[in-house]
Each structure stands twice: as C-alpha cells, then as structure tokens.
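Raw structure_21.cif, mmCIF, C-alpha atoms:
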```cif
data_model
loop_
_atom_site.label_atom_id
_atom_site.label_comp_id
_atom_site.auth_asym_id
_atom_site.auth_seq_id
_atom_site.Cartn_x
_atom_site.Cartn_y
_atom_site.Cartn_z
CA MET A 1 127.40 126.15 52.40
CA THR A 2 123.73 125.72 53.19
CA TYR A 3 121.54 123.17 51.44
CA THR A 4 118.34 124.80 50.28
CA VAL A 5 115.54 122.24 50.03
CA VAL A 6 112.77 123.72 47.90
CA GLY A 7 109.58 121.80 48.66
CA GLY A 8 109.23 120.38 52.15
CA GLY A 9 106.79 117.57 51.45
CA ALA A 10 107.36 113.83 51.69
CA ILE A 11 110.62 113.74 49.73
CA GLY A 12 111.98 117.16 50.64
CA GLY A 13 111.05 116.87 54.29
CA THR A 14 112.68 113.46 54.62
CA ILE A 15 115.88 114.70 52.97
CA ALA A 16 115.99 117.89 55.05
CA PHE A 17 115.53 115.86 58.24
CA HIS A 18 118.47 113.55 57.47
CA LEU A 19 120.74 116.37 56.31
CA ALA A 20 120.05 118.30 59.52
CA ARG A 21 120.62 115.18 61.63
CA GLY A 22 123.93 114.75 59.80
CA GLY A 23 125.08 118.16 60.95
CA HIS A 24 124.57 120.02 57.67
CA ARG A 25 123.13 123.51 57.42
CA VAL A 26 119.68 123.23 55.84
CA ARG A 27 116.99 125.71 54.90
CA LEU A 28 113.61 124.28 54.02
CA VAL A 29 111.61 126.52 51.65
CA ASP A 30 107.93 125.71 51.24
CA ALA A 31 104.88 127.65 50.07
CA ASP A 32 102.71 126.10 52.81
CA ALA A 33 102.86 128.71 55.58
CA ALA A 34 101.34 126.33 58.15
CA HIS A 35 104.00 123.70 57.41
CA VAL A 36 106.77 126.30 57.71
CA ALA A 37 105.35 127.64 60.99
CA ALA A 38 105.15 124.15 62.48
CA VAL A 39 108.78 123.39 61.57
CA ARG A 40 109.89 126.67 63.12
CA GLU A 41 107.92 126.04 66.30
CA ARG A 42 108.48 122.33 66.90
CA GLY A 43 111.23 121.26 64.53
CA LEU A 44 110.83 118.90 61.59
CA VAL A 45 109.32 115.64 62.80
CA LEU A 46 109.91 112.24 61.22
CA ARG A 47 107.24 109.83 62.44
CA ARG A 48 108.24 106.18 62.63
CA ALA A 49 106.61 103.10 64.11
CA GLY A 50 108.83 103.43 67.18
CA GLY A 51 107.94 107.08 67.78
CA ASP A 52 108.66 110.61 66.61
CA GLU A 53 112.14 112.00 65.96
CA ARG A 54 112.84 115.70 65.59
CA ALA A 55 115.45 117.80 63.83
CA GLU A 56 115.99 121.54 64.09
CA VAL A 57 115.65 122.94 60.57
CA ASP A 58 115.55 126.53 59.38
CA ALA A 59 112.27 126.97 57.49
CA ALA A 60 110.90 129.81 55.39
CA THR A 61 108.38 130.61 52.69
CA PRO A 62 109.66 131.70 49.26
CA ASP A 63 108.80 135.33 50.02
CA GLU A 64 111.07 135.18 53.06
CA THR A 65 114.03 133.73 51.16
CA SER A 66 116.62 135.62 49.18
CA GLY A 67 119.85 134.52 47.54
CA PRO A 68 122.42 133.56 46.82
CA LEU A 69 121.52 129.85 46.78
CA THR A 70 124.35 127.39 46.21
CA LYS A 71 123.22 123.80 46.69
CA VAL A 72 119.52 123.51 45.83
CA LEU A 73 117.56 120.28 46.17
CA LEU A 74 114.34 120.80 44.22
CA CYS A 75 111.67 118.52 45.71
CA VAL A 76 108.38 120.04 44.58
CA LYS A 77 105.61 118.20 42.75
CA ALA A 78 106.15 118.01 39.01
CA GLN A 79 103.40 120.52 38.21
CA ALA A 80 105.13 123.13 40.40
CA THR A 81 108.52 122.74 38.72
CA ALA A 82 108.25 125.66 36.31
CA THR A 83 107.23 128.11 39.05
CA ALA A 84 109.94 126.86 41.43
CA ALA A 85 112.66 126.91 38.77
CA ALA A 86 111.73 130.47 37.79
CA TRP A 87 111.99 131.46 41.47
CA ILE A 88 115.38 129.75 41.89
CA ALA A 89 117.03 131.09 38.71
CA PRO A 90 117.70 134.72 39.75
CA ARG A 91 118.80 133.60 43.23
CA LEU A 92 121.21 130.83 42.15
CA ALA A 93 124.81 131.73 42.91
CA PRO A 94 127.57 131.47 40.29
CA GLY A 95 128.75 127.89 40.56
CA GLY A 96 125.51 126.88 42.26
CA TYR A 97 123.42 123.95 41.07
CA VAL A 98 119.95 122.45 41.25
CA VAL A 99 119.32 118.76 41.90
CA SER A 100 115.95 117.55 40.61
CA VAL A 101 114.89 115.23 43.43
CA GLN A 102 111.47 114.63 41.93
CA ASN A 103 109.33 112.13 40.11
CA GLY A 104 109.14 112.45 36.34
CA LEU A 105 111.42 114.00 33.74
CA ASN A 106 111.80 117.57 34.97
CA GLU A 107 115.48 118.19 34.21
CA PRO A 108 114.97 119.84 30.77
CA LEU A 109 112.40 122.25 32.22
CA ILE A 110 114.76 123.25 35.05
CA ALA A 111 117.64 123.59 32.60
CA GLY A 112 115.58 126.05 30.59
CA HIS A 113 115.67 128.37 33.60
CA VAL A 114 119.16 127.87 35.06
CA GLY A 115 121.21 126.25 32.26
CA ARG A 116 121.83 122.55 31.69
CA GLU A 117 125.32 122.65 33.23
CA ARG A 118 123.77 123.68 36.55
CA VAL A 119 121.27 120.79 36.72
CA ILE A 120 121.95 117.41 38.32
CA GLY A 121 119.54 114.50 37.96
CA ALA A 122 118.33 112.27 40.76
CA PHE A 123 116.07 109.29 41.19
CA VAL A 124 114.33 108.71 44.50
CA ASN A 125 111.90 106.01 45.61
CA LEU A 126 111.11 107.06 49.17
CA PHE A 127 107.80 105.96 50.67
CA ALA A 128 106.73 108.85 52.90
CA ASP A 129 103.77 111.16 53.50
CA VAL A 130 103.09 114.53 55.11
CA VAL A 131 100.51 113.67 57.75
CA GLU A 132 100.19 117.10 59.38
CA PRO A 133 102.09 120.39 59.25
CA GLY A 134 105.70 119.78 60.21
CA VAL A 135 105.30 115.98 60.39
CA ILE A 136 106.52 113.45 57.81
CA ARG A 137 105.54 109.81 58.21
CA ASP A 138 108.52 107.64 57.27
CA GLY A 139 107.47 104.87 54.92
CA GLY A 140 110.70 102.91 54.92
CA PRO A 141 113.93 103.10 52.93
CA GLY A 142 114.06 103.23 49.15
CA ALA A 143 116.50 103.71 46.31
CA PHE A 144 118.21 107.08 45.88
CA VAL A 145 120.69 107.72 43.06
CA ILE A 146 122.25 110.95 41.80
CA GLY A 147 124.04 111.63 38.54
CA GLU A 148 125.17 114.19 36.01
CA LEU A 149 122.87 114.41 33.00
CA ASP A 150 125.72 113.53 30.61
CA GLY A 151 126.64 110.45 32.64
CA SER A 152 130.04 111.76 33.70
CA ALA A 153 131.57 111.45 37.16
CA SER A 154 131.94 114.71 39.06
CA PRO A 155 133.13 116.00 42.44
CA ARG A 156 129.77 117.66 43.10
CA VAL A 157 127.90 114.36 42.70
CA ASP A 158 130.45 112.64 44.97
CA HIS A 159 129.91 115.39 47.55
CA LEU A 160 126.14 115.03 47.39
CA VAL A 161 126.31 111.26 47.73
CA ALA A 162 128.56 111.57 50.79
CA ASP A 163 126.26 114.07 52.49
CA LEU A 164 123.15 112.02 51.67
CA ALA A 165 124.67 108.68 52.71
CA PRO A 166 122.18 108.27 55.60
CA LEU A 167 119.49 107.94 52.92
CA GLY A 168 121.50 105.36 51.01
CA ALA A 169 122.39 107.71 48.16
CA LYS A 170 124.63 106.36 45.40
CA ALA A 171 126.18 107.87 42.29
CA THR A 172 125.07 106.75 38.83
CA GLY A 173 126.20 107.31 35.27
CA ASN A 174 122.73 106.46 33.99
CA VAL A 175 120.22 108.61 35.83
CA LEU A 176 117.82 108.57 32.86
CA GLY A 177 117.77 104.77 32.97
CA HIS A 178 116.60 104.98 36.57
CA LEU A 179 114.00 107.65 35.89
CA TRP A 180 112.45 105.72 33.00
CA SER A 181 112.43 102.52 35.06
CA LYS A 182 110.42 104.34 37.69
CA LEU A 183 108.04 105.62 35.02
CA GLY A 184 107.33 101.96 34.22
CA PHE A 185 106.81 101.06 37.86
CA GLY A 186 104.89 104.30 38.34
CA ALA A 187 102.42 103.33 35.64
CA MET A 188 101.36 100.43 37.85
CA LEU A 189 101.13 102.65 40.93
CA THR A 190 99.09 105.18 38.96
CA ALA A 191 96.62 102.47 38.03
CA THR A 192 96.30 101.38 41.68
CA ALA A 193 95.21 104.92 42.60
CA LEU A 194 91.95 104.29 40.72
CA ALA A 195 90.79 102.06 43.60
CA ASP A 196 90.87 102.23 47.39
CA ALA A 197 92.89 99.11 48.17
CA PRO A 198 96.54 98.26 48.91
CA MET A 199 98.90 98.65 45.95
CA ALA A 200 100.27 95.13 46.27
CA ASP A 201 96.81 93.55 46.21
CA LEU A 202 95.70 95.50 43.14
CA ILE A 203 98.88 94.72 41.21
CA ASP A 204 98.50 91.07 42.18
CA ARG A 205 94.86 90.85 41.10
CA HIS A 206 95.36 92.68 37.80
CA ARG A 207 98.71 91.37 36.60
CA PRO A 208 98.03 91.30 32.84
CA LEU A 209 96.94 94.95 32.91
CA MET A 210 99.90 95.99 35.05
CA HIS A 211 102.37 94.13 32.86
CA ALA A 212 100.90 95.69 29.74
CA LEU A 213 101.14 99.20 31.22
CA VAL A 214 104.83 98.76 32.01
CA ALA A 215 105.39 97.33 28.52
CA GLU A 216 103.90 100.46 26.92
CA VAL A 217 106.24 102.77 28.84
CA PHE A 218 109.24 100.57 28.16
CA ALA A 219 108.42 100.43 24.44
CA VAL A 220 108.91 104.20 24.40
CA ALA A 221 112.13 103.90 26.42
CA GLY A 222 113.36 101.28 23.96
CA ARG A 223 112.81 103.66 21.07
CA LEU A 224 115.07 106.15 22.87
CA GLY A 225 117.79 103.53 23.30
CA LEU A 226 117.79 103.73 27.10
CA ARG A 227 119.31 101.11 29.39
CA LEU A 228 116.76 100.59 32.17
CA GLU A 229 118.08 100.21 35.71
CA PRO A 230 116.66 97.99 38.46
CA PHE A 231 115.83 99.50 41.86
CA ASP A 232 114.50 98.18 45.16
CA ALA A 233 112.34 95.17 44.21
CA PHE A 234 111.52 96.34 40.68
CA GLU A 235 113.29 94.45 37.87
CA PRO A 236 112.70 96.26 34.57
CA ALA A 237 114.29 93.54 32.44
CA ALA A 238 111.45 91.20 33.44
CA TYR A 239 108.91 93.52 31.77
CA LEU A 240 110.64 93.88 28.41
CA PRO A 241 108.94 92.22 25.40
CA GLU A 242 111.58 89.50 25.07
CA ALA A 243 111.28 88.40 28.72
CA PRO A 244 109.55 85.02 29.23
CA GLU A 245 106.16 85.14 30.97
CA ARG A 246 107.51 83.00 33.83
CA VAL A 247 110.25 85.56 34.50
CA ARG A 248 107.69 88.38 34.52
CA GLU A 249 105.39 86.53 36.93
CA GLU A 250 108.25 85.73 39.30
CA ALA A 251 109.40 89.35 39.24
CA THR A 252 105.87 90.49 40.10
CA ASP A 253 105.79 87.94 42.93
CA ARG A 254 108.90 89.54 44.39
CA LEU A 255 107.63 93.07 43.79
CA THR A 256 104.27 92.54 45.50
CA ALA A 257 105.93 90.68 48.39
CA TRP A 258 108.25 93.66 48.91
CA LEU A 259 105.39 96.16 48.69
CA ARG A 260 103.58 94.25 51.45
CA THR A 261 106.54 94.86 53.78
CA GLN A 262 106.26 98.66 53.40
CA PRO A 263 104.41 100.66 56.06
CA LYS A 264 102.81 102.73 53.29
CA ASP A 265 100.36 100.49 51.41
CA ARG A 266 98.78 103.10 49.09
CA SER A 267 100.48 105.42 46.66
CA GLY A 268 101.04 109.14 47.06
CA ILE A 269 98.77 109.53 44.03
CA TRP A 270 95.91 107.86 45.90
CA ARG A 271 96.63 110.02 48.94
CA ASP A 272 96.54 113.25 46.93
CA ILE A 273 93.05 112.38 45.70
CA ALA A 274 91.49 110.61 48.69
CA VAL A 275 93.08 112.46 51.62
CA ARG A 276 94.57 115.76 50.50
CA HIS A 277 92.02 116.50 47.74
CA ARG A 278 94.55 118.13 45.45
CA PRO A 279 95.64 117.61 41.83
CA VAL A 280 97.95 114.69 41.17
CA GLU A 281 101.31 115.14 39.45
CA VAL A 282 101.31 112.03 37.25
CA HIS A 283 99.75 113.84 34.29
CA ASP A 284 102.94 115.91 34.20
CA HIS A 285 105.09 112.79 34.62
CA TYR A 286 103.64 111.07 31.58
CA ARG A 287 103.22 114.08 29.30
CA ALA A 288 106.81 113.63 28.06
CA VAL A 289 106.30 109.87 27.70
CA LEU A 290 103.18 110.35 25.59
CA ALA A 291 104.91 112.99 23.46
CA GLU A 292 107.81 110.60 22.77
CA ALA A 293 105.32 107.82 22.05
CA GLU A 294 103.50 109.96 19.52
CA ALA A 295 106.75 111.02 17.87
CA GLY A 296 107.84 107.40 17.57
CA GLN A 297 104.40 106.06 16.67
CA VAL A 298 104.34 103.85 19.76
CA ASP A 299 100.83 102.88 20.84
CA THR A 300 99.99 103.62 24.49
CA PRO A 301 96.23 103.04 24.79
CA LEU A 302 96.29 101.63 28.31
CA LEU A 303 98.46 104.40 29.73
CA ARG A 304 96.22 107.00 28.13
CA GLY A 305 93.17 105.17 29.47
CA VAL A 306 94.52 105.10 33.02
CA LEU A 307 95.33 108.81 32.94
CA ALA A 308 91.90 109.69 31.51
CA ARG A 309 90.11 107.69 34.20
CA LEU A 310 92.32 109.18 36.89
CA ALA A 311 91.43 112.68 35.69
CA ASP A 312 87.75 111.78 36.06
CA VAL A 313 88.28 110.42 39.57
CA GLU A 314 90.28 113.41 40.81
CA ALA A 315 87.72 115.82 39.33
CA GLY A 316 84.84 113.98 41.02
CA ARG A 317 83.29 112.90 37.72
CA ALA A 318 83.71 109.23 38.66
CA PRO A 319 84.10 107.41 41.99
CA MET A 320 87.17 105.41 42.93
CA GLY A 321 86.68 101.72 42.36
CA GLU A 322 88.29 98.55 41.09
CA GLU A 323 85.82 98.53 38.22
CA HIS A 324 88.13 101.02 36.47
CA LEU A 325 90.82 98.35 36.30
CA ALA A 326 88.34 95.74 35.11
CA ALA A 327 87.15 98.09 32.37
CA LEU A 328 90.71 98.75 31.22
CA GLU A 329 91.35 95.01 31.08
CA GLY A 330 88.35 94.62 28.83
CA ALA A 331 89.23 97.51 26.56
#
```
Using structure tokens, write down the structure from this file.
Amino acid sequence: MTYTVVGGGAIGGTIAFHLARGGHRVRLVDADAAHVAAVRERGLVLRRAGGDERAEVDAATPDETSGPLTKVLLCVKAQATATAAAWIAPRLAPGGYVVSVQNGLNEPLIAGHVGRERVIGAFVNLFADVVEPGVIRDGGPGAFVIGELDGSASPRVDHLVADLAPLGAKATGNVLGHLWSKLGFGAMLTATALADAPMADLIDRHRPLMHALVAEVFAVAGRLGLRLEPFDAFEPAAYLPEAPERVREEATDRLTAWLRTQPKDRSGIWRDIAVRHRPVEVHDHYRAVLAEAEAGQVDTPLLRGVLARLADVEAGRAPMGEEHLAALEGA
C-alpha cells in the first residue's frame, strides 16, 4: 500500500525521501504547484553538506489526488491541519489511518474529522528546510517517535516504525509526554525567532528568560499529570520547579552545545518570518497550552508576551531584534 505524505515541506519532504529510498511506494501531496512540478521533473532532492541526493517520488496537488488513501502521514503546518484533515476524511479507506507528524497538539482536531481510532500520534524533531522547489536541506538527525493515542502497543505502529527506521523512528507508549516536552523546548525556540542570531547563542545569553518560559509550559503539563519525555539533547526534568539550579544550568550547557553542532542554526519560525515571509504556526501550537493554562489558573505571562511580540514582528509592526528578549526579561 502506498504512503500518502500530505505536506511536502521540511518534515514531509524528508520523510518522503527516506521512504522512497527504502523502496516504499510514496505519493507526496502538496498545495504548492511549483514544488510538485519540481519533484516530478527532477525528483525529490535532499541537500546535504556532501552534495545532493535524489529520490524518485510521485507528486501531486490535492486537486489531482483521489482516494482511497490508506497510510497517511500528515505533515502540514499546524494552521493548515483543519483544511487538510477535511480533505483527507472522505478519501480515507476503511481501515486507513492518519499519523500526525507535526508540531503542536493536532491529534484531537484530526480525530474530529476521521475518528480518534484512525489517528496515530507522532513526535518529530527534524532540523530541515525547503530551500527551493523540490529541494530539502537536511539539517541533521533528530528524534522521531510514534505511538497510539491511548498508549497501547499496536501492529500498525510497529509497521510504521520498521518502515521509518532510516529516520531513527521508535515506538512510544507516551506520545503526549514527547509532544509536551517539545512544547517546552519550542517555547525557547519561539523566543529566539524574535532576533536574527543563532538559537544557541540567544538561549545562552538569555538563560533566565528561557528557563522561565519552559517552566510556564511545564506547569501546565504538570496540571494535566503528564510524564515528560527527554529527546535529543533536551532534558525536561531539568526544567521542572523542583530541579536544582545547577542541574538546569548544566542541562542548558548540553543543549546549547548540541544546537551548535547542527547545520541549521536558526529555527523554522525565524525562517518563516525572515526568509519565506509567511505566517508562523506557533500561535496554533500554543493555543491549546494557553487554554489549558486558563482552565487551570496557571499564569503564563512570558509565553503570552513572546507570542504577542512575535505577532508584531511577523506583521511588520516591530523589527526583529534582541531588545525583545531584554524587554521580556524586564517585564
């Protein structure tokens, strides 16, 4: 059965490339007609420091794609989830499923269209960028875990993990713990998008702010009783309220050292604003966090402040600059 990768950007393109290289049938579905045309003409290109690699991938726009769809990997930006899920629903075959390979907490929204039993959760931390139509710049390996929403083991997750082994995919019984951990890490990355400088340097220079941002997100996760999972060089336990300051500082040392080894030194959020001039998806990522915070009366002033300033920057009402971080520290 064919894998249908809906959304051929950084995450979807990387996954489609590796599936095709592994001998799997893949169809890449993307609304960007120029991207689709480039993949058809030249193949899907993964750009690495050592040169370009190509994979032959079937590519189409949504209008060119009919059903039935069986194994769907949904890789669109969070703000496009509702539209994509509505498109998938009438085309999804009986017994078919949708894997949310996205940032944020999109599984409930997808489930509203296709049914919860046909949704699988996933956490991905790939550092990649679309640099031109049909070309994905590989930013190095990152964590990739897949799991049923109820935490159970299942043959379909085992099958996915086997097929996605070239990307280091692993099964998990706690996909929500991974997703909320990334929301903590992502709060730091979101803050770095307010300035034009490497992520590692900004986190390093503004540690108290970064630590406080993670703490706000994790306070909400704590209210929900979630067990946060470590990934790559991010250690969520170090950012919990009971963690000693020394432990937190040492964890940030390791995190920033790891970030400095990555070919991609700025976040995808920064790139969306500074290079691609398009809306960022983090407002959608943190909408659920802020709603849970409000319901539980958890204060999140710094997270709200970062998102408000980011909205001003992306709308052109304020320039990028490290003064945003300084102002938040003084708030």
Can you tell me which residues surround Thr300 of chain A at a distance of at most 10 Å, considering all atoms listed in the file, apart from same-chain residues fewer than 4 positions away, and format the answer as an mmCIF file with C-alpha atoms, in the coordinates of the input?
```cif
data_model
loop_
_atom_site.group_PDB
_atom_site.id
_atom_site.type_symbol
_atom_site.label_atom_id
_atom_site.label_comp_id
_atom_site.auth_asym_id
_atom_site.auth_seq_id
_atom_site.Cartn_x
_atom_site.Cartn_y
_atom_site.Cartn_z
ATOM 1 C CA ALA A 212 100.900 95.690 29.740
ATOM 2 C CA LEU A 213 101.140 99.200 31.220
ATOM 3 C CA ALA A 215 105.390 97.330 28.520
ATOM 4 C CA GLU A 216 103.900 100.460 26.920
ATOM 5 C CA VAL A 217 106.240 102.770 28.840
ATOM 6 C CA ALA A 219 108.420 100.430 24.440
ATOM 7 C CA VAL A 220 108.910 104.200 24.400
ATOM 8 C CA VAL A 289 106.300 109.870 27.700
ATOM 9 C CA LEU A 290 103.180 110.350 25.590
ATOM 10 C CA ALA A 293 105.320 107.820 22.050
ATOM 11 C CA GLU A 294 103.500 109.960 19.520
ATOM 12 C CA ARG A 304 96.220 107.000 28.130
ATOM 13 C CA GLY A 305 93.170 105.170 29.470
#
```
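Here atom CA of Ala34 of chain A stands at a distance of 15.6 Å from atom CA of Val6 of chain A.
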message: Can you translate the PyMOL selection byres ((chain A and resi 141) around 12) into the concrete residues it hits in this file, as a list in words?
response: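 Applied to this file, the PyMOL selection byres ((chain A and resi 141) around 12) returns Ile11, Thr14, Ile15, Arg48, Val124, Asn125, Leu126, Phe127, Ala128, Arg137, Asp138, Gly139, Gly140, Gly142, Ala143, Phe144, Pro166, Leu167, Gly168, Ala169, Phe231, Asp232, Ala233, Trp258, Leu259, Thr261, Gln262, Pro263 and Lys264 of chain A.
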query: On this structure, which residues satisfy the PyMOL selection byres ((chain A and resi 58) around 7), written as a PyMOL selection string?
result: chain A and resi 26-28+40+56-57+59-60
field: Coordinates-based distance that separates atom CA of Trp87 of chain A from atom CA of Arg271 of chain A (Å, one decimal)
entry: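 These two atoms are separated by 27.4 Å.
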Please enumerate the residues selected by the PyMOL selection byres ((chain A and resi 35) around 12) when evaluated against the supplied file, formatted as a tab-separated table (two decimals) with C-alpha atoms, in the frame of the given file.
```tsv
chain	number	residue	atom	x	y	z
A	7	GLY	CA	109.58	121.80	48.66
A	8	GLY	CA	109.23	120.38	52.15
A	9	GLY	CA	106.79	117.57	51.45
A	10	ALA	CA	107.36	113.83	51.69
A	13	GLY	CA	111.05	116.87	54.29
A	28	LEU	CA	113.61	124.28	54.02
A	29	VAL	CA	111.61	126.52	51.65
A	30	ASP	CA	107.93	125.71	51.24
A	31	ALA	CA	104.88	127.65	50.07
A	32	ASP	CA	102.71	126.10	52.81
A	33	ALA	CA	102.86	128.71	55.58
A	34	ALA	CA	101.34	126.33	58.15
A	36	VAL	CA	106.77	126.30	57.71
A	37	ALA	CA	105.35	127.64	60.99
A	38	ALA	CA	105.15	124.15	62.48
A	39	VAL	CA	108.78	123.39	61.57
A	40	ARG	CA	109.89	126.67	63.12
A	41	GLU	CA	107.92	126.04	66.30
A	42	ARG	CA	108.48	122.33	66.90
A	43	GLY	CA	111.23	121.26	64.53
A	44	LEU	CA	110.83	118.90	61.59
A	45	VAL	CA	109.32	115.64	62.80
A	59	ALA	CA	112.27	126.97	57.49
A	60	ALA	CA	110.90	129.81	55.39
A	61	THR	CA	108.38	130.61	52.69
A	130	VAL	CA	103.09	114.53	55.11
A	131	VAL	CA	100.51	113.67	57.75
A	132	GLU	CA	100.19	117.10	59.38
A	133	PRO	CA	102.09	120.39	59.25
A	134	GLY	CA	105.70	119.78	60.21
A	135	VAL	CA	105.30	115.98	60.39
A	136	ILE	CA	106.52	113.45	57.81
```
Just want the 7 Å neighbourhood of segment 98-115 of chain A, counted on all atoms listed in the file, with same-chain residues fewer than 6 positions away dropped. Output as a compact mmCIF listing (two decimals) with C-alpha atoms, keeping the file's coordinate frame.
```txt
# COMPACT_ATOMS: atom_id res chain seq x y z
CA LYS A 71 123.22 123.80 46.69
CA VAL A 72 119.52 123.51 45.83
CA LEU A 73 117.56 120.28 46.17
CA LEU A 74 114.34 120.80 44.22
CA CYS A 75 111.67 118.52 45.71
CA VAL A 76 108.38 120.04 44.58
CA LYS A 77 105.61 118.20 42.75
CA ALA A 78 106.15 118.01 39.01
CA ALA A 82 108.25 125.66 36.31
CA ALA A 85 112.66 126.91 38.77
CA ALA A 86 111.73 130.47 37.79
CA ALA A 89 117.03 131.09 38.71
CA GLY A 121 119.54 114.50 37.96
CA ALA A 122 118.33 112.27 40.76
CA PHE A 123 116.07 109.29 41.19
CA VAL A 124 114.33 108.71 44.50
CA LEU A 179 114.00 107.65 35.89
CA HIS A 285 105.09 112.79 34.62
```
Residues at most 10 Å from Gly67 of chain A, counting all atoms listed in the file, excluding those fewer than 5 positions away in the same chain, as a PDB file with C-alpha atoms, keeping the file's coordinate frame?
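Done, and the output landed in out26.pdb:
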```pdb
ATOM      1  CA  ILE A  88     115.380 129.750  41.890  1.00  0.00           C
ATOM      2  CA  ALA A  89     117.030 131.090  38.710  1.00  0.00           C
ATOM      3  CA  PRO A  90     117.700 134.720  39.750  1.00  0.00           C
ATOM      4  CA  ARG A  91     118.800 133.600  43.230  1.00  0.00           C
ATOM      5  CA  LEU A  92     121.210 130.830  42.150  1.00  0.00           C
ATOM      6  CA  ALA A  93     124.810 131.730  42.910  1.00  0.00           C
TER       7      ALA A  93
END
```
message: So, with all atoms listed in the file as the atoms that count, which of A:Gly12, A:Pro208, A:Pro198, A:Gly222 lies closest to Gly177 of chain A?
response: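 Between A:Gly12, A:Pro208, A:Pro198, A:Gly222, the residue approaching Gly177 of chain A most closely is A:Gly222.
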task: Provide the atom CA of Ala20 of chain A to atom CA of Thr4 of chain A distance in Å, to one decimal place.
output: 11.4 Å
message: Give me the residues near segment 182-197 of chain A as a ChimeraX atom specification, where near means some atom within 7 Å (using all atoms listed in the file) and where sequence neighbours in that chain fewer than 5 positions away do not count.
response: /A:202,210,213-214,217-218,267,269-270,306,310,320-322,324
Output for the residues just chosen: C-alpha atoms as a PDB file, in the frame of the given file:
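selection-v1.pdb, written as the output of this step:
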```pdb
ATOM      1  CA  LEU A 202      95.700  95.500  43.140  1.00  0.00           C
ATOM      2  CA  MET A 210      99.900  95.990  35.050  1.00  0.00           C
ATOM      3  CA  LEU A 213     101.140  99.200  31.220  1.00  0.00           C
ATOM      4  CA  VAL A 214     104.830  98.760  32.010  1.00  0.00           C
ATOM      5  CA  VAL A 217     106.240 102.770  28.840  1.00  0.00           C
ATOM      6  CA  PHE A 218     109.240 100.570  28.160  1.00  0.00           C
ATOM      7  CA  SER A 267     100.480 105.420  46.660  1.00  0.00           C
ATOM      8  CA  ILE A 269      98.770 109.530  44.030  1.00  0.00           C
ATOM      9  CA  TRP A 270      95.910 107.860  45.900  1.00  0.00           C
ATOM     10  CA  VAL A 306      94.520 105.100  33.020  1.00  0.00           C
ATOM     11  CA  LEU A 310      92.320 109.180  36.890  1.00  0.00           C
ATOM     12  CA  MET A 320      87.170 105.410  42.930  1.00  0.00           C
ATOM     13  CA  GLY A 321      86.680 101.720  42.360  1.00  0.00           C
ATOM     14  CA  GLU A 322      88.290  98.550  41.090  1.00  0.00           C
ATOM     15  CA  HIS A 324      88.130 101.020  36.470  1.00  0.00           C
TER      16      HIS A 324
END
```
Quick one: what's the axis-aligned box for segment 277-282 of chain A, all listed atoms, 6 Å on every side, centre and edges in Å to one decimal, as JSON?
```
{"center_x": 96.7, "center_y": 115.1, "center_z": 42.5, "size_x": 21.3, "size_y": 18.1, "size_z": 22.5}
```
field: Residues near Ala238 of chain A, cut-off 7 Å, all atoms listed in the file, skip fewer than 5 positions along chain, as a ChimeraX atom specification
entry: /A:243,247-248,251
- prompt: Looking at only C-alpha atoms, which of A:Pro94, A:Pro319, A:Gly50, A:Gly173 is the one that sits closest to Ile273 of chain A?
  reply: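 Counting only C-alpha atoms, the residue closest to Ile273 of chain A is A:Pro319.
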message: Restricting the calculation to all atoms listed in the file: of A:Ser152, A:Thr256, A:Thr65, A:Thr2, which residue gets closest to Gly23 of chain A?
response: A:Thr2
